[in-house]
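Enquirer: Structure incoming, see below.
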Amino acid sequence: MNHKIHNTCQDRPTWLGRSDCRSCKILQEVLFSDLSKKELEPIIQGIYEPIDEFNYAEGAVIYEEGYEDNAIYTIRDGLVKLVRHEPDGKERIIRLMKTADTIGLERLLGRPYGHTAIALQPVTACRIPIGVLRQLGKEKPRFYRKLMERWANALFQADDYIMMLLSGTVKQRVVQLIGWLADIDHTHRSRVVMLNGRDIAAILDITPESVSRILAELKRQKILRPRTDGYYEYDAKALKEYSNAA
């Protein structure tokens with residue numbers, strides 16, 4: 001198995017076995033959504049190359065910037081940050097990637113990974129060998145189109161991310177990020193997974209002290225209310241009013 005050699009116990013993923021695309025709950029949102037059950041069978045049987053499913057602990061590295069593993073990854077569940085490090089060692093979070101997103105697409109061009117991918121919470125991901133994608137691209141042109149659509153969507157997401165980073169006051173940018181995080185969970189509109197202050201500061205290019213002050217205000221006003229499961233309840237209307245207040 002040509003998988004990244006991880007340096008710490010935390011970084012070593014748990015292998016869950018071969019992926020069974022037939023039972024995938026997000027199949028209609030990912031790369032293989034246009035394939036029929038018959039077309040999925042060779043993939044499931046590993047006739048091309050096997051697709052493996054892994055669990056990553058919070059904080060684990062999925063792949064590192066500059067590494068050249070011959071695979072891309074589809075996030076089955078969880079949240080991933082794509083990171084670059086500045087010359088002074090400062091971490092810069094380039095994008096956040098969520099369930100059904102695909103990461104590492106630059107490897108299809110033969111380029112090393114452009115970022116370090118780190119799990120922000122427990123993550124389940126499928127490791128898809130590049131050979132599988134190239135073979136499917138030759139045999140099924142519509143699959144290639146789907147792949148290009150996914151790449152284009154990744155670029156649009158990058159544009160949205162930049163807008164979130166640069167638009168508005170510090171307060172408004174924090175609120176926009178909370179709204180983005182809340183939209184990840186389509187089944188629970190009143191809850192949000194919260195990042196730590198350091199990650200929020202790295203995403204929005206603001207100081208951790210500013211993040212701490214704004215989050216404290218939101219909690220004090222009960223716009224954000226901690227739950228026992230690690231999520232926060234939030235009041236969307238009050239959050240918008242807070243953002244618009246002088």
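Ligands are numbered from 1 in the order shown, chains are lettered A, B, ... in the order of the structure tokens, and residues start at 1 in each chain.
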Counting only C-alpha atoms, which residues of segment 143-173 of chain A fall within 12 Å of segment 197-204 of chain A, and what is the closest atom pair for each with its distance in Å at one decimal, ordered by chain and rising number, as a Markdown table?
Expert:
```
| residue | atom | partner | partner_atom | distance |
| --- | --- | --- | --- | --- |
| A:Tyr161 | CA | A:Ile203 | CA | 9.1 |
| A:Ile162 | CA | A:Leu204 | CA | 9.2 |
| A:Met163 | CA | A:Leu204 | CA | 10.2 |
| A:Met164 | CA | A:Leu204 | CA | 7.8 |
| A:Leu165 | CA | A:Leu204 | CA | 5.0 |
| A:Leu166 | CA | A:Leu204 | CA | 7.6 |
| A:Ser167 | CA | A:Leu204 | CA | 9.9 |
| A:Gly168 | CA | A:Leu204 | CA | 11.0 |
| A:Thr169 | CA | A:Leu204 | CA | 10.7 |
| A:Val170 | CA | A:Leu204 | CA | 8.2 |
| A:Lys171 | CA | A:Leu204 | CA | 10.5 |
| A:Gln172 | CA | A:Leu204 | CA | 10.6 |
| A:Arg173 | CA | A:Leu204 | CA | 7.0 |
```
Enquirer: When DSSP works through the backbone of this structure, what residues of segment 20-140 of chain A end up as strand (DSSP E), shown as number ranges by chain?
Expert: A: 52-56, 61-63, 71-77, 80-85, 91-97, 102-103, 116-119, 123-129
Enquirer: Based on the backbone DSSP call, show me all residues of segment 8-175 of chain A assigned helix (DSSP H, G or I), as a PyMOL selection string.
Expert: chain A and resi 21-23+27-29+31-34+37-44+105-109+130-139+141-166+170-175
Enquirer: Could you give me, as JSON, numbers by chain, the residues within 12 Å of Glu241 of chain A, counting only C-alpha atoms and dropping anything in the same chain fewer than 6 positions from it?
Expert: {"A": [171, 172, 175, 218, 221, 223, 235]}
Enquirer: Write the residues you've just listed into a file as an mmCIF file, in the first residue's frame, and include N, CA and C atoms for each of them.
Expert:
```
data_model
loop_
_atom_site.group_PDB
_atom_site.id
_atom_site.type_symbol
_atom_site.label_atom_id
_atom_site.label_comp_id
_atom_site.auth_asym_id
_atom_site.auth_seq_id
_atom_site.Cartn_x
_atom_site.Cartn_y
_atom_site.Cartn_z
ATOM 1 N N LYS A 171 -15.054 41.630 12.958
ATOM 2 C CA LYS A 171 -16.249 41.004 13.516
ATOM 3 C C LYS A 171 -17.053 40.298 12.427
ATOM 4 N N GLN A 172 -17.241 40.967 11.298
ATOM 5 C CA GLN A 172 -18.027 40.387 10.214
ATOM 6 C C GLN A 172 -17.352 39.157 9.620
ATOM 7 N N VAL A 175 -17.969 36.232 11.902
ATOM 8 C CA VAL A 175 -19.355 35.791 11.753
ATOM 9 C C VAL A 175 -19.547 35.041 10.436
ATOM 10 N N LEU A 218 -19.918 36.695 21.855
ATOM 11 C CA LEU A 218 -20.994 35.847 21.326
ATOM 12 C C LEU A 218 -21.511 34.884 22.386
ATOM 13 N N GLN A 221 -23.484 36.905 25.083
ATOM 14 C CA GLN A 221 -24.811 37.269 24.605
ATOM 15 C C GLN A 221 -25.671 36.042 24.259
ATOM 16 N N ILE A 223 -25.428 34.022 21.926
ATOM 17 C CA ILE A 223 -25.591 33.762 20.488
ATOM 18 C C ILE A 223 -24.940 32.421 20.140
ATOM 19 N N ASP A 235 -27.734 31.114 17.294
ATOM 20 C CA ASP A 235 -28.933 31.838 16.888
ATOM 21 C C ASP A 235 -28.581 32.604 15.619
#
```
Enquirer: Pick out the closest residue to Ser210 of chain A from this set: A:Ala152, A:Asp69, A:Glu86, A:Val174. Count only C-alpha atoms.
Expert: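 Smallest distance to Ser210 of chain A is found for A:Val174.
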Enquirer: As an exercise, work out the distance from atom CA of Ile93 of chain A to atom CA of Gln28 of chain A in Å and give it to one decimal place.
Expert: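 Rounded to one decimal, the two atoms are 28.3 Å apart.
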Enquirer: Could you work out how far atom CA of Ala60 of chain A lies from atom CA of Leu120 of chain A, giving the answer in Å with one decimal?
Expert: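 A separation of 8.2 Å between them.
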Enquirer: Could you pull the residues within 12 Å of Glu68 of chain A, counting only C-alpha atoms, minus those fewer than 4 positions along the same chain, as a list in words?
Expert: Asn2, His3, Lys4, Ile5, Tyr63, Glu64, Ile72, Gly104, Leu105, Glu106, Arg107, Leu108, Leu109, Gly110, Arg111, Pro112, Tyr113, Gly114, His115, Thr116, Pro129 and Ile130 of chain A
Enquirer: Create the file for the chosen residues now, containing N, CA and C atoms and written as a compact mmCIF listing (two decimals), in the first residue's frame.
Expert:
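The new file selection_5.txt reads:
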```txt
# COMPACT_ATOMS: atom_id res chain seq x y z
N ASN A 2 0.81 2.05 -1.06
CA ASN A 2 1.66 3.22 -1.21
C ASN A 2 1.03 4.39 -0.48
N HIS A 3 1.21 4.40 0.82
CA HIS A 3 0.60 5.44 1.65
C HIS A 3 1.69 6.19 2.37
N LYS A 4 1.43 7.43 2.68
CA LYS A 4 2.41 8.26 3.36
C LYS A 4 2.90 7.60 4.64
N ILE A 5 4.21 7.67 4.89
CA ILE A 5 4.77 7.16 6.14
C ILE A 5 4.63 8.25 7.19
N TYR A 63 -1.73 14.32 4.28
CA TYR A 63 -0.54 14.34 3.42
C TYR A 63 0.16 15.67 3.64
N GLU A 64 1.44 15.72 3.22
CA GLU A 64 2.25 16.90 3.46
C GLU A 64 2.58 17.63 2.17
N ILE A 72 -5.34 10.87 -4.70
CA ILE A 72 -6.11 11.99 -4.19
C ILE A 72 -7.03 11.43 -3.10
N GLY A 104 -6.11 17.19 -2.99
CA GLY A 104 -4.93 16.63 -3.64
C GLY A 104 -5.03 16.53 -5.14
N LEU A 105 -5.98 17.23 -5.76
CA LEU A 105 -6.20 17.12 -7.20
C LEU A 105 -4.98 17.54 -8.03
N GLU A 106 -4.09 18.34 -7.46
CA GLU A 106 -2.90 18.76 -8.19
C GLU A 106 -2.01 17.58 -8.57
N ARG A 107 -2.15 16.46 -7.88
CA ARG A 107 -1.36 15.28 -8.20
C ARG A 107 -1.72 14.72 -9.58
N LEU A 108 -2.91 15.03 -10.08
CA LEU A 108 -3.30 14.57 -11.42
C LEU A 108 -2.42 15.21 -12.51
N LEU A 109 -1.81 16.34 -12.18
CA LEU A 109 -0.90 17.01 -13.11
C LEU A 109 0.55 16.60 -12.88
N GLY A 110 0.75 15.69 -11.96
CA GLY A 110 2.10 15.26 -11.65
C GLY A 110 2.82 16.19 -10.70
N ARG A 111 2.12 17.18 -10.16
CA ARG A 111 2.73 18.12 -9.22
C ARG A 111 2.68 17.55 -7.80
N PRO A 112 3.66 17.90 -6.96
CA PRO A 112 3.57 17.50 -5.55
C PRO A 112 2.35 18.16 -4.89
N TYR A 113 1.93 17.60 -3.78
CA TYR A 113 0.84 18.24 -3.04
C TYR A 113 1.20 19.68 -2.74
N GLY A 114 0.26 20.58 -2.98
CA GLY A 114 0.52 22.00 -2.80
C GLY A 114 0.31 22.50 -1.40
N HIS A 115 -0.25 21.65 -0.53
CA HIS A 115 -0.54 22.04 0.84
C HIS A 115 -0.32 20.84 1.76
N THR A 116 -0.29 21.10 3.04
CA THR A 116 -0.38 20.04 4.03
C THR A 116 -1.84 19.94 4.46
N PRO A 129 -6.39 5.98 -5.83
CA PRO A 129 -5.17 6.01 -6.64
C PRO A 129 -5.38 6.76 -7.95
N ILE A 130 -4.37 7.51 -8.35
CA ILE A 130 -4.45 8.27 -9.59
C ILE A 130 -4.65 7.35 -10.78
```
Enquirer: In terms of the shortest atom-to-atom distance over only C-alpha atoms, which of A:Leu239, A:Val211, A:Ala119, A:Leu133 is closest to Ile51 of chain A?
Expert: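 The shortest atom-to-atom distance to Ile51 of chain A comes from A:Leu133.
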Enquirer: What's the 10 Å shell around Lys140 of chain A, counting only C-alpha atoms, without same-chain residues fewer than 6 positions away, as an MDAnalysis selection string?
Expert: chainID A and resid 35 39 134
